[in-house]
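J.: Next comes the structure file my_file-v2.cif, holding mmCIF, C-alpha atoms and all ligand atoms.
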```cif
data_start
#
loop_
_atom_site.label_atom_id
_atom_site.label_comp_id
_atom_site.auth_asym_id
_atom_site.auth_seq_id
_atom_site.Cartn_x
_atom_site.Cartn_y
_atom_site.Cartn_z
CA MET T 23 12.39 -16.37 -36.66
CA ALA T 24 9.79 -14.77 -38.94
CA GLU T 25 9.75 -11.00 -39.34
CA ASN T 26 7.45 -9.18 -36.90
CA VAL T 27 4.79 -6.94 -38.36
CA ALA T 28 2.49 -4.39 -36.75
CA THR T 29 -1.03 -5.18 -37.92
CA THR T 30 -2.79 -2.05 -36.71
CA GLU T 31 -2.07 1.53 -35.66
CA LYS T 32 -3.92 1.52 -32.34
CA PRO T 33 -3.25 4.28 -29.81
CA TYR T 34 -0.80 2.93 -27.23
CA PHE T 35 -0.27 4.32 -23.72
CA PRO T 36 2.71 2.56 -22.12
CA GLY T 37 1.97 1.92 -18.46
CA LEU T 38 -1.58 3.16 -19.18
CA GLU T 39 -0.34 6.68 -18.43
CA GLY T 40 -3.16 9.20 -18.70
CA VAL T 41 -5.79 6.56 -19.44
CA VAL T 42 -8.98 7.03 -17.40
CA VAL T 43 -10.42 3.62 -16.41
CA ALA T 44 -12.99 4.65 -13.80
CA ILE T 45 -15.32 7.44 -12.79
CA SER T 46 -14.74 7.66 -9.06
CA GLY T 47 -16.08 9.63 -6.12
CA LEU T 48 -13.30 8.49 -3.80
CA THR T 49 -9.93 10.18 -4.10
CA SER T 50 -8.56 13.00 -6.21
CA ILE T 51 -5.00 14.09 -6.87
CA ASP T 52 -3.66 17.30 -8.34
CA GLY T 53 -0.17 16.22 -9.34
CA THR T 54 0.97 19.73 -10.20
CA LEU T 55 -0.15 21.34 -6.96
CA GLY T 56 0.75 18.25 -4.91
CA LYS T 57 -2.78 17.95 -3.56
CA LEU T 58 -4.47 14.76 -2.37
CA MET T 59 -8.06 14.58 -1.19
CA TYR T 60 -10.26 11.78 0.09
CA ARG T 61 -13.87 12.59 -0.87
CA GLY T 62 -12.99 16.30 -0.97
CA TYR T 63 -11.07 16.42 2.32
CA ASN T 64 -7.44 17.51 2.04
CA ILE T 65 -4.97 14.90 3.27
CA HIS T 66 -3.18 17.51 5.39
CA GLU T 67 -6.36 18.23 7.36
CA LEU T 68 -7.14 14.54 7.70
CA ALA T 69 -3.61 13.77 8.91
CA GLN T 70 -3.81 16.67 11.34
CA SER T 71 -7.24 16.05 12.82
CA SER T 72 -8.78 12.71 11.92
CA THR T 73 -8.15 9.07 12.78
CA TYR T 74 -7.80 6.00 10.56
CA GLU T 75 -11.24 4.83 11.71
CA GLU T 76 -12.81 8.14 10.55
CA VAL T 77 -11.07 7.80 7.19
CA VAL T 78 -12.35 4.23 6.77
CA TYR T 79 -15.87 5.50 7.45
CA LEU T 80 -15.37 8.38 5.02
CA LEU T 81 -14.12 6.13 2.23
CA PHE T 82 -16.79 3.47 2.72
CA ASN T 83 -19.76 5.76 3.33
CA GLY T 84 -19.01 9.07 1.59
CA ASP T 85 -18.99 11.42 4.58
CA LEU T 86 -17.22 11.86 7.90
CA PRO T 87 -19.00 9.97 10.69
CA THR T 88 -21.01 11.44 13.53
CA VAL T 89 -20.01 10.39 17.05
CA ALA T 90 -22.59 7.57 17.00
CA GLN T 91 -21.54 6.39 13.53
CA LEU T 92 -17.88 6.37 14.55
CA ASP T 93 -18.67 4.42 17.72
CA GLU T 94 -20.52 1.83 15.69
CA LEU T 95 -17.67 1.55 13.19
CA LYS T 96 -15.10 1.15 15.98
CA GLN T 97 -17.20 -1.63 17.48
CA THR T 98 -17.54 -3.35 14.11
CA LEU T 99 -13.79 -3.21 13.51
CA SER T 100 -12.77 -4.35 16.96
CA ALA T 101 -15.33 -7.18 16.92
CA ASN T 102 -13.83 -8.50 13.68
CA ARG T 103 -10.13 -8.42 14.52
CA GLU T 104 -9.72 -12.06 15.50
CA LEU T 105 -8.54 -14.54 12.86
CA PRO T 106 -10.12 -17.97 12.41
CA ALA T 107 -8.06 -20.67 14.18
CA GLN T 108 -7.42 -22.35 10.80
CA VAL T 109 -5.75 -19.16 9.57
CA ILE T 110 -3.45 -19.05 12.59
CA ASP T 111 -2.61 -22.69 11.81
CA LEU T 112 -1.89 -21.70 8.21
CA LEU T 113 0.47 -18.96 9.44
CA ARG T 114 2.27 -21.54 11.57
CA LEU T 115 2.78 -23.75 8.50
CA MET T 116 4.51 -20.99 6.55
CA PRO T 117 8.30 -20.96 6.21
CA LYS T 118 9.85 -18.64 8.81
CA ASP T 119 11.65 -16.79 6.03
CA ALA T 120 8.52 -16.32 3.88
CA ASN T 121 8.16 -12.90 2.34
CA PRO T 122 5.55 -11.18 4.59
CA MET T 123 3.70 -9.85 1.55
CA ALA T 124 3.48 -13.39 0.16
CA ALA T 125 2.17 -14.52 3.56
CA LEU T 126 -0.39 -11.71 3.61
CA ARG T 127 -1.48 -12.46 0.04
CA THR T 128 -1.96 -16.14 0.91
CA VAL T 129 -3.91 -15.43 4.09
CA VAL T 130 -6.21 -12.88 2.43
CA SER T 131 -6.99 -15.51 -0.18
CA ALA T 132 -7.51 -18.22 2.46
CA LEU T 133 -9.85 -16.04 4.54
CA ALA T 134 -12.46 -16.51 1.82
CA PHE T 135 -12.82 -20.16 2.96
CA TYR T 136 -13.94 -19.04 6.41
CA ASP T 137 -16.35 -16.29 5.34
CA SER T 138 -19.79 -17.69 4.59
CA GLU T 139 -20.50 -14.63 2.44
CA SER T 140 -17.33 -14.85 0.38
CA GLU T 141 -19.07 -15.52 -2.95
CA ASP T 142 -21.80 -12.90 -2.44
CA ASN T 143 -21.23 -9.73 -4.48
CA ASP T 144 -24.37 -7.99 -3.22
CA PRO T 145 -23.39 -4.39 -2.15
CA ASP T 146 -24.34 -4.85 1.53
CA SER T 147 -22.42 -8.11 1.70
CA VAL T 148 -19.34 -6.57 0.06
CA LEU T 149 -19.43 -3.70 2.56
CA ARG T 150 -19.64 -6.16 5.46
CA LYS T 151 -16.65 -8.05 4.07
CA ALA T 152 -14.78 -4.77 3.61
CA TYR T 153 -15.17 -4.02 7.33
CA ARG T 154 -14.20 -7.55 8.26
CA LEU T 155 -11.04 -7.60 6.19
CA THR T 156 -10.07 -4.05 7.18
CA ALA T 157 -10.24 -5.24 10.79
CA LYS T 158 -8.23 -8.41 10.13
CA MET T 159 -5.35 -7.14 7.99
CA ALA T 160 -3.48 -5.75 11.00
CA THR T 161 -3.97 -9.01 12.92
CA ILE T 162 -2.58 -11.07 10.04
CA VAL T 163 0.61 -9.00 9.78
CA ALA T 164 1.23 -8.92 13.52
CA ALA T 165 0.52 -12.65 13.96
CA PHE T 166 2.81 -13.57 11.05
CA ASP T 167 5.64 -11.55 12.53
CA ARG T 168 5.27 -13.08 15.98
CA ILE T 169 5.01 -16.65 14.70
CA ARG T 170 8.08 -16.32 12.48
CA ASN T 171 9.98 -15.03 15.52
CA GLY T 172 8.95 -18.08 17.56
CA LYS T 173 6.40 -16.16 19.65
CA GLU T 174 2.71 -16.70 20.21
CA PRO T 175 0.32 -14.34 18.39
CA ILE T 176 -1.31 -11.81 20.71
CA ALA T 177 -5.09 -11.55 20.79
CA PRO T 178 -6.37 -8.11 19.74
CA LYS T 179 -7.53 -5.70 22.45
CA THR T 180 -10.94 -4.25 21.69
CA SER T 181 -10.32 -1.15 23.82
CA LEU T 182 -7.46 0.04 21.58
CA SER T 183 -7.64 2.05 18.36
CA HIS T 184 -6.79 0.31 15.10
CA ALA T 185 -3.30 1.84 15.11
CA ALA T 186 -2.53 1.21 18.79
CA ASN T 187 -3.90 -2.33 18.63
CA PHE T 188 -1.63 -3.21 15.72
CA LEU T 189 1.47 -2.08 17.62
CA TYR T 190 0.20 -3.91 20.70
CA MET T 191 -0.31 -7.16 18.77
CA LEU T 192 3.12 -6.76 17.18
CA ASN T 193 5.15 -5.93 20.29
CA GLY T 194 3.12 -7.42 23.12
CA GLU T 195 2.85 -4.09 24.93
CA GLU T 196 0.63 -1.09 24.41
CA PRO T 197 2.41 1.68 22.50
CA ASN T 198 2.94 5.13 23.97
CA ASP T 199 0.69 7.91 22.63
CA VAL T 200 3.41 9.29 20.35
CA PHE T 201 3.95 6.01 18.50
CA ALA T 202 0.22 5.27 18.39
CA ARG T 203 -0.51 8.66 16.84
CA ALA T 204 2.45 8.48 14.43
CA PHE T 205 1.23 5.11 13.24
CA ASP T 206 -2.35 6.35 13.00
CA ILE T 207 -1.16 9.22 10.77
CA ALA T 208 0.74 6.74 8.56
CA LEU T 209 -2.45 4.69 8.21
CA ILE T 210 -4.47 7.79 7.30
CA LEU T 211 -1.92 8.79 4.64
CA HIS T 212 -1.83 5.37 2.95
CA ALA T 213 -5.57 4.65 2.97
CA ASP T 214 -6.32 5.43 -0.67
CA HIS T 215 -4.59 6.88 -3.69
CA GLU T 216 -6.74 7.08 -6.78
CA MET T 217 -5.91 4.67 -9.65
CA ASN T 218 -2.57 3.31 -8.40
CA ALA T 219 -1.41 -0.08 -9.68
CA SER T 220 -2.76 -2.23 -6.82
CA THR T 221 -6.14 -0.47 -6.82
CA PHE T 222 -6.32 -0.98 -10.57
CA ALA T 223 -5.50 -4.67 -10.07
CA ALA T 224 -8.31 -4.97 -7.53
CA ARG T 225 -10.72 -3.28 -9.93
CA VAL T 226 -9.70 -5.49 -12.86
CA THR T 227 -10.44 -8.60 -10.78
CA ALA T 228 -13.73 -7.16 -9.51
CA SER T 229 -14.71 -6.23 -13.06
CA THR T 230 -14.89 -9.91 -14.00
CA LEU T 231 -17.44 -10.24 -11.15
CA SER T 232 -14.98 -12.35 -9.27
CA ASP T 233 -15.34 -12.08 -5.47
CA PHE T 234 -14.08 -9.49 -2.98
CA TYR T 235 -11.30 -11.72 -1.56
CA SER T 236 -9.96 -12.43 -5.05
CA ALA T 237 -9.88 -8.71 -5.82
CA ILE T 238 -7.95 -7.91 -2.64
CA THR T 239 -5.59 -10.84 -3.21
CA SER T 240 -4.75 -9.35 -6.61
CA ALA T 241 -4.16 -5.99 -4.97
CA VAL T 242 -1.81 -7.36 -2.30
CA GLY T 243 0.25 -9.17 -4.94
CA THR T 244 0.50 -5.96 -6.94
CA LEU T 245 1.45 -3.73 -4.01
CA LYS T 246 4.34 -6.09 -3.27
CA GLY T 247 6.43 -4.88 -6.22
CA SER T 248 9.41 -2.60 -5.64
CA LEU T 249 8.08 0.06 -8.01
CA HIS T 250 4.95 0.30 -5.85
CA GLY T 251 4.57 -0.51 -2.13
CA GLY T 252 7.80 -2.46 -1.96
CA ALA T 253 9.82 0.74 -2.27
CA ASN T 254 9.57 1.67 1.44
CA THR T 255 11.54 -1.38 2.60
CA ASN T 256 14.16 -0.68 -0.06
CA VAL T 257 14.52 2.91 1.14
CA MET T 258 15.46 1.67 4.62
CA LYS T 259 17.82 -0.91 3.14
CA MET T 260 19.52 1.94 1.29
CA LEU T 261 19.81 4.02 4.49
CA LEU T 262 21.32 1.06 6.35
CA GLU T 263 23.67 0.28 3.46
CA ILE T 264 24.94 3.87 3.51
CA GLY T 265 25.10 3.66 7.29
CA ASP T 266 26.46 7.12 8.06
CA GLU T 267 25.54 10.69 7.20
CA ALA T 268 29.11 11.36 6.10
CA LYS T 269 28.80 8.67 3.41
CA VAL T 270 25.58 9.96 1.84
CA GLU T 271 27.29 12.29 -0.62
CA ASP T 272 29.55 9.59 -2.08
CA TYR T 273 26.73 7.08 -2.29
CA ILE T 274 24.38 9.43 -4.11
CA ARG T 275 27.08 10.73 -6.47
CA THR T 276 27.99 7.15 -7.42
CA GLY T 277 24.29 6.30 -7.82
CA LEU T 278 23.73 9.30 -10.04
CA ALA T 279 26.73 8.40 -12.18
CA ASN T 280 25.40 4.81 -12.49
CA LYS T 281 21.89 6.01 -13.31
CA GLN T 282 20.58 4.25 -10.20
CA ARG T 283 16.84 4.24 -9.59
CA PHE T 284 16.49 5.76 -6.13
CA MET T 285 13.73 4.10 -4.16
CA GLY T 286 11.19 6.49 -2.65
CA PHE T 287 11.65 9.08 -5.39
CA GLY T 288 9.52 9.93 -8.41
CA HIS T 289 5.86 9.39 -9.09
CA ARG T 290 3.65 8.87 -12.10
CA VAL T 291 1.21 11.60 -11.04
CA TYR T 292 2.99 14.04 -8.71
CA LYS T 293 5.20 16.61 -10.39
CA THR T 294 6.08 18.08 -7.01
CA MET T 295 6.58 16.63 -3.53
CA ASP T 296 4.00 14.01 -2.63
CA PRO T 297 1.85 15.67 0.10
CA ARG T 298 2.01 12.43 2.11
CA ALA T 299 5.81 12.68 2.11
CA ILE T 300 5.53 16.25 3.47
CA VAL T 301 3.56 14.94 6.46
CA LEU T 302 5.79 11.90 6.98
CA LYS T 303 8.92 14.03 6.83
CA LYS T 304 7.61 15.91 9.89
CA VAL T 305 6.66 12.67 11.65
CA SER T 306 10.10 11.18 10.96
CA ARG T 307 11.85 14.28 12.31
CA ASP T 308 9.58 14.37 15.34
CA LEU T 309 10.25 10.72 16.24
CA GLY T 310 13.99 11.25 15.73
CA GLU T 311 14.01 14.32 17.99
CA ARG T 312 12.04 12.60 20.72
CA ALA T 313 14.41 9.62 20.63
CA GLY T 314 17.47 11.91 20.52
CA ASN T 315 18.50 10.09 17.34
CA LEU T 316 18.20 12.17 14.19
CA LYS T 317 20.66 10.03 12.23
CA TRP T 318 18.11 8.39 9.90
CA PHE T 319 16.12 11.57 9.43
CA ASN T 320 19.23 13.62 8.68
CA MET T 321 20.48 11.04 6.21
CA SER T 322 17.07 10.96 4.54
CA GLU T 323 16.95 14.73 4.29
CA LYS T 324 20.42 14.85 2.76
CA ILE T 325 19.50 12.20 0.18
CA HIS T 326 16.29 14.10 -0.51
CA ASP T 327 18.19 17.35 -1.16
CA MET T 328 20.78 15.68 -3.38
CA VAL T 329 18.40 13.58 -5.50
CA THR T 330 15.93 16.41 -5.92
CA GLY T 331 18.72 18.85 -6.71
CA ALA T 332 20.37 16.59 -9.27
CA LYS T 333 17.37 14.90 -10.92
CA GLY T 334 14.39 17.10 -10.12
CA LEU T 335 12.73 14.03 -8.58
CA ASP T 336 10.77 14.54 -5.35
CA PRO T 337 10.22 12.01 -2.56
CA ASN T 338 7.04 9.96 -2.64
CA VAL T 339 5.14 8.46 0.30
CA ASP T 340 7.62 5.60 0.63
CA PHE T 341 10.65 7.79 1.34
CA TYR T 342 10.08 9.22 4.83
CA SER T 343 7.82 6.37 5.94
CA ALA T 344 10.96 4.20 6.01
CA SER T 345 12.77 6.18 8.72
CA THR T 346 9.45 6.69 10.55
CA TYR T 347 8.82 2.96 10.87
CA TYR T 348 12.47 2.30 11.67
CA MET T 349 12.29 4.72 14.60
CA MET T 350 9.27 2.76 15.83
CA GLY T 351 11.34 -0.43 15.84
CA ILE T 352 9.30 -2.15 13.12
CA ALA T 353 11.04 -4.87 11.05
CA LEU T 354 12.02 -3.66 7.58
CA ASP T 355 10.08 -6.24 5.64
CA LEU T 356 6.85 -5.29 7.43
CA TYR T 357 6.79 -1.80 5.92
CA THR T 358 4.99 -2.95 2.78
CA PRO T 359 2.48 -5.16 4.66
CA ILE T 360 1.75 -2.12 6.85
CA PHE T 361 0.95 -0.21 3.66
CA ALA T 362 -1.61 -2.95 2.90
CA VAL T 363 -2.98 -2.80 6.47
CA SER T 364 -4.00 0.76 5.63
CA ARG T 365 -4.72 0.50 1.89
CA ILE T 366 -7.33 -2.22 2.43
CA ALA T 367 -9.70 0.71 3.00
CA GLY T 368 -9.06 2.22 -0.43
CA TRP T 369 -9.02 -1.13 -2.20
CA SER T 370 -12.34 -2.09 -0.62
CA ALA T 371 -13.97 1.24 -1.46
CA ASN T 372 -12.76 0.91 -5.05
CA VAL T 373 -14.05 -2.66 -5.35
CA ILE T 374 -17.44 -1.50 -4.04
CA GLU T 375 -17.45 1.31 -6.64
CA GLN T 376 -16.42 -1.08 -9.38
CA TYR T 377 -19.28 -3.50 -8.63
CA GLU T 378 -21.73 -0.58 -8.49
CA LYS T 379 -21.05 0.51 -12.04
CA ASN T 380 -19.25 -2.37 -13.62
CA ARG T 381 -17.98 -3.01 -17.08
CA LEU T 382 -15.47 -5.78 -17.72
CA MET T 383 -11.92 -4.37 -17.91
CA ARG T 384 -10.60 -5.76 -21.12
CA PRO T 385 -8.03 -3.55 -22.82
CA ASP T 386 -6.32 -4.19 -26.09
CA SER T 387 -2.86 -4.94 -27.39
CA ASP T 388 -1.28 -4.20 -30.71
CA TYR T 389 0.01 -7.38 -32.32
CA VAL T 390 3.52 -7.09 -33.73
CA GLY T 391 4.32 -10.81 -34.06
CA PRO T 392 4.68 -12.85 -37.26
CA SER T 393 1.96 -12.54 -39.92
CA GLU T 394 -0.13 -15.61 -40.78
CA ARG T 395 1.96 -18.68 -41.67
CA SER T 396 1.43 -22.40 -42.16
CA TYR T 397 1.94 -24.98 -39.45
CA VAL T 398 5.23 -26.80 -39.95
CA PRO T 399 5.16 -30.57 -39.20
CA MET T 400 7.58 -31.64 -36.47
CA ASN T 401 9.92 -33.58 -38.81
CA GLN T 402 10.36 -30.53 -41.04
CA ARG T 403 11.43 -28.01 -38.35
N1 LIG A 501 15.36 7.32 -9.52
C1 LIG A 501 16.04 7.63 -10.64
N2 LIG A 501 15.43 7.89 -11.80
C2 LIG A 501 14.10 7.85 -11.84
C3 LIG A 501 13.33 7.53 -10.70
C4 LIG A 501 14.01 7.26 -9.52
N3 LIG A 501 13.35 6.96 -8.40
N4 LIG A 501 12.03 7.59 -11.04
C5 LIG A 501 11.97 7.91 -12.31
N5 LIG A 501 13.22 8.07 -12.81
C6 LIG A 501 13.60 8.43 -14.18
C7 LIG A 501 13.64 7.17 -15.03
O1 LIG A 501 14.90 6.56 -15.03
C8 LIG A 501 13.26 7.70 -16.36
O2 LIG A 501 14.38 8.34 -16.94
P1 LIG A 501 14.71 8.17 -18.51
O3 LIG A 501 13.50 8.75 -19.20
O4 LIG A 501 15.95 8.93 -18.66
O5 LIG A 501 14.84 6.69 -18.71
C9 LIG A 501 12.25 8.80 -16.04
O6 LIG A 501 12.55 9.22 -14.72
C10 LIG A 501 10.81 8.31 -16.11
O7 LIG A 501 10.71 7.12 -15.34
P2 LIG A 501 9.54 6.08 -15.51
O8 LIG A 501 9.92 4.84 -14.77
O9 LIG A 501 9.14 5.93 -16.93
O10 LIG A 501 8.38 6.86 -14.78
P3 LIG A 501 7.07 6.22 -14.23
O11 LIG A 501 6.05 7.27 -14.16
O12 LIG A 501 6.72 4.99 -14.96
O13 LIG A 501 7.58 5.78 -12.78
C11 LIG A 501 7.84 5.25 -10.57
C12 LIG A 501 7.04 6.07 -11.58
C13 LIG A 501 7.72 3.78 -10.89
C14 LIG A 501 7.25 5.51 -9.19
C15 LIG A 501 9.33 5.69 -10.60
O14 LIG A 501 9.44 7.05 -10.27
C16 LIG A 501 10.21 4.81 -9.71
O15 LIG A 501 10.66 3.75 -10.14
N6 LIG A 501 10.46 5.26 -8.44
C17 LIG A 501 11.22 4.45 -7.53
C18 LIG A 501 10.32 3.39 -6.88
C19 LIG A 501 9.36 4.00 -5.92
O16 LIG A 501 9.70 4.83 -5.10
N7 LIG A 501 8.08 3.55 -6.01
C20 LIG A 501 7.03 4.00 -5.12
C21 LIG A 501 6.07 4.90 -5.86
S1 LIG A 501 4.81 5.51 -4.81
C22 LIG A 501 3.87 4.18 -4.50
O17 LIG A 501 3.64 3.33 -5.35
C23 LIG A 501 3.35 3.97 -3.19
#
```
Once more with this new file: its structure as structure tokens, please.
T.:
Amino acid sequence: MAENVATTEKPYFPGLEGVVVAISGLTSIDGTLGKLMYRGYNIHELAQSSTYEEVVYLLFNGDLPTVAQLDELKQTLSANRELPAQVIDLLRLMPKDANPMAALRTVVSALAFYDSESEDNDPDSVLRKAYRLTAKMATIVAAFDRIRNGKEPIAPKTSLSHAANFLYMLNGEEPNDVFARAFDIALILHADHEMNASTFAARVTASTLSDFYSAITSAVGTLKGSLHGGANTNVMKMLLEIGDEAKVEDYIRTGLANKQRFMGFGHRVYKTMDPRAIVLKKVSRDLGERAGNLKWFNMSEKIHDMVTGAKGLDPNVDFYSASTYYMMGIALDLYTPIFAVSRIAGWSANVIEQYEKNRLMRPDSDYVGPSERSYVPMNQR
């Protein structure tokens, strides 16, 4: 093996930390204060008072909707929930043990075949596709789950909100108001998050002037990873593995000694508790109290205290969403697809922004391989 040489002294930012790749009017984060805002609106106020539909409108159009604008948006979303029959057939062809994020990624890609505008990058067309896919993501996830469990997919109900309709399509019965609102809050909290890895992936794909469906397919594949959206499922696996509040201390002490990476903790940008985790912590406690089962919340809180105390790492959005979804009876491996059901709004808004003011994303690397050498014929190697 020839000696490796660095040819240049280019500035290098591992993980692109601190590198600004877009000028955006969408979402801002103050990592020190633990503040998150969509178009200037604080996430705490949005989680308290808005709905996912309002947030979609806000992200796509720049301002909160009027009553008439919200009505129109709700109609657009509910009219676009159904999946093409070929896509349902595709879901039926998938292995029953397929990773749901792989299924979602495949279906998002396949939907391009059945959208006559799929290759059109005109702004109005991209916005129409953004509404269509935002409406369909929930249907894909619910239909996949039912089919893999040997059940028939349930047709969406236009009278229900986005959140309530998802739970209805998943479970076959309309959710109570508490679950519907808890899920709506989770959707609000996950809708956008500045230049996270999956959003960046979507923007990179859009920057080549590839189409909307390709950009979102890239994003879904990127969210799947355990350092990103995949962490929420792993948090619940950890809680189930520990199994009992009395065993938390031992588990965390052993993990600390083994330098374990605790899922749901730490963040590239937040240096304090993720504001979304603050909201979800309350939701998780509330659902536990209502069900008379605080086991998962109490375990989570104990882990939170120990990991933060020992490592100075705070929970991120994925930590308390795990026990929240568990209390709603949702299958563990759907937690990350649910993230995508919400984040489609942010991905879409970012793709629209990228097309509006595009420059090809083409970073650089610093070559440290062998210096120039002569080709060696096969019989001399
Ligand atoms: N548990 C234990 N140690 C951690 C954790 C963690 N969850 N997170 C960071 N650290 C430690 C690292 O081991 C490292 O220590 P070292 O310098 O002694 O080696 C140091 O903190 C810095 O870690 P990096 O991985 O370099 O930090 P980065 O900013 O790249 O990571 C990340 C951010 C990936 C989120 C990280 O905190 C992590 O792996 N968390 C667990 C996975 C997770 O919860 N992901 C969801 C993030 S939110 C979202 O995407 C929706």
J.: Set the cut-off to 9 Å, count only C-alpha atoms and all ligand atoms, and list whatever residues fall near ligand LIG 501 (chain A) as a ChimeraX atom specification.
T.: /T:36-37,39,212,215,218-220,245,247-254,256-257,277-278,281-291,296,329,333,335-341,361
J.: Those residues with C-alpha atoms, as a PDB file, in the frame of the given file please?
T.:
```pdb
ATOM      1  CA  PRO T  36       2.710   2.560 -22.120  1.00  0.00           C
ATOM      2  CA  GLY T  37       1.970   1.920 -18.460  1.00  0.00           C
ATOM      3  CA  GLU T  39      -0.340   6.680 -18.430  1.00  0.00           C
ATOM      4  CA  HIS T 212      -1.830   5.370   2.950  1.00  0.00           C
ATOM      5  CA  HIS T 215      -4.590   6.880  -3.690  1.00  0.00           C
ATOM      6  CA  ASN T 218      -2.570   3.310  -8.400  1.00  0.00           C
ATOM      7  CA  ALA T 219      -1.410  -0.080  -9.680  1.00  0.00           C
ATOM      8  CA  SER T 220      -2.760  -2.230  -6.820  1.00  0.00           C
ATOM      9  CA  LEU T 245       1.450  -3.730  -4.010  1.00  0.00           C
ATOM     10  CA  GLY T 247       6.430  -4.880  -6.220  1.00  0.00           C
ATOM     11  CA  SER T 248       9.410  -2.600  -5.640  1.00  0.00           C
ATOM     12  CA  LEU T 249       8.080   0.060  -8.010  1.00  0.00           C
ATOM     13  CA  HIS T 250       4.950   0.300  -5.850  1.00  0.00           C
ATOM     14  CA  GLY T 251       4.570  -0.510  -2.130  1.00  0.00           C
ATOM     15  CA  GLY T 252       7.800  -2.460  -1.960  1.00  0.00           C
ATOM     16  CA  ALA T 253       9.820   0.740  -2.270  1.00  0.00           C
ATOM     17  CA  ASN T 254       9.570   1.670   1.440  1.00  0.00           C
ATOM     18  CA  ASN T 256      14.160  -0.680  -0.060  1.00  0.00           C
ATOM     19  CA  VAL T 257      14.520   2.910   1.140  1.00  0.00           C
ATOM     20  CA  GLY T 277      24.290   6.300  -7.820  1.00  0.00           C
ATOM     21  CA  LEU T 278      23.730   9.300 -10.040  1.00  0.00           C
ATOM     22  CA  LYS T 281      21.890   6.010 -13.310  1.00  0.00           C
ATOM     23  CA  GLN T 282      20.580   4.250 -10.200  1.00  0.00           C
ATOM     24  CA  ARG T 283      16.840   4.240  -9.590  1.00  0.00           C
ATOM     25  CA  PHE T 284      16.490   5.760  -6.130  1.00  0.00           C
ATOM     26  CA  MET T 285      13.730   4.100  -4.160  1.00  0.00           C
ATOM     27  CA  GLY T 286      11.190   6.490  -2.650  1.00  0.00           C
ATOM     28  CA  PHE T 287      11.650   9.080  -5.390  1.00  0.00           C
ATOM     29  CA  GLY T 288       9.520   9.930  -8.410  1.00  0.00           C
ATOM     30  CA  HIS T 289       5.860   9.390  -9.090  1.00  0.00           C
ATOM     31  CA  ARG T 290       3.650   8.870 -12.100  1.00  0.00           C
ATOM     32  CA  VAL T 291       1.210  11.600 -11.040  1.00  0.00           C
ATOM     33  CA  ASP T 296       4.000  14.010  -2.630  1.00  0.00           C
ATOM     34  CA  VAL T 329      18.400  13.580  -5.500  1.00  0.00           C
ATOM     35  CA  LYS T 333      17.370  14.900 -10.920  1.00  0.00           C
ATOM     36  CA  LEU T 335      12.730  14.030  -8.580  1.00  0.00           C
ATOM     37  CA  ASP T 336      10.770  14.540  -5.350  1.00  0.00           C
ATOM     38  CA  PRO T 337      10.220  12.010  -2.560  1.00  0.00           C
ATOM     39  CA  ASN T 338       7.040   9.960  -2.640  1.00  0.00           C
ATOM     40  CA  VAL T 339       5.140   8.460   0.300  1.00  0.00           C
ATOM     41  CA  ASP T 340       7.620   5.600   0.630  1.00  0.00           C
ATOM     42  CA  PHE T 341      10.650   7.790   1.340  1.00  0.00           C
ATOM     43  CA  PHE T 361       0.950  -0.210   3.660  1.00  0.00           C
TER      44      PHE T 361
END
```
J.: Nearest to Ile169 in chain T among T:Asp111, T:Asp52, T:Asp386, T:Glu76, with distances taken over all atoms listed in the file: which residue is it?
T.: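 Ranking T:Asp111, T:Asp52, T:Asp386, T:Glu76 by distance to Ile169 in chain T, first place goes to T:Asp111.
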J.: Any idea what's packed within 10 Å of Phe166 in chain T, counting all atoms listed in the file, ignoring anything in its chain fewer than 5 positions away? Could you give it as a CSV table (one decimal) with C-alpha atoms, in the coordinates of the input?
T.:
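And here is the file that came out, out_17.csv:
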```csv
chain,number,residue,atom,x,y,z
T,110,ILE,CA,-3.4,-19.0,12.6
T,112,LEU,CA,-1.9,-21.7,8.2
T,113,LEU,CA,0.5,-19.0,9.4
T,114,ARG,CA,2.3,-21.5,11.6
T,116,MET,CA,4.5,-21.0,6.6
T,118,LYS,CA,9.8,-18.6,8.8
T,120,ALA,CA,8.5,-16.3,3.9
T,122,PRO,CA,5.6,-11.2,4.6
T,125,ALA,CA,2.2,-14.5,3.6
T,126,LEU,CA,-0.4,-11.7,3.6
T,129,VAL,CA,-3.9,-15.4,4.1
T,161,THR,CA,-4.0,-9.0,12.9
T,171,ASN,CA,10.0,-15.0,15.5
T,173,LYS,CA,6.4,-16.2,19.6
T,174,GLU,CA,2.7,-16.7,20.2
T,175,PRO,CA,0.3,-14.3,18.4
T,192,LEU,CA,3.1,-6.8,17.2
T,356,LEU,CA,6.8,-5.3,7.4
```
J.: Which of these, T:Phe201, T:Tyr397, T:Tyr348, T:Tyr292, has the shortest distance to Leu55 in chain T once you count all atoms listed in the file?
T.: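 Of T:Phe201, T:Tyr397, T:Tyr348, T:Tyr292, the one nearest Leu55 in chain T is T:Tyr292, counting all atoms listed in the file.
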J.: Scan for residues within 6 Å of the point (16.7, 3.9, 8.8) in the coordinates of the file, using only C-alpha atoms, and reply as a PyMOL selection string.
T.: chain T and resi 258+261-262+318+345+348
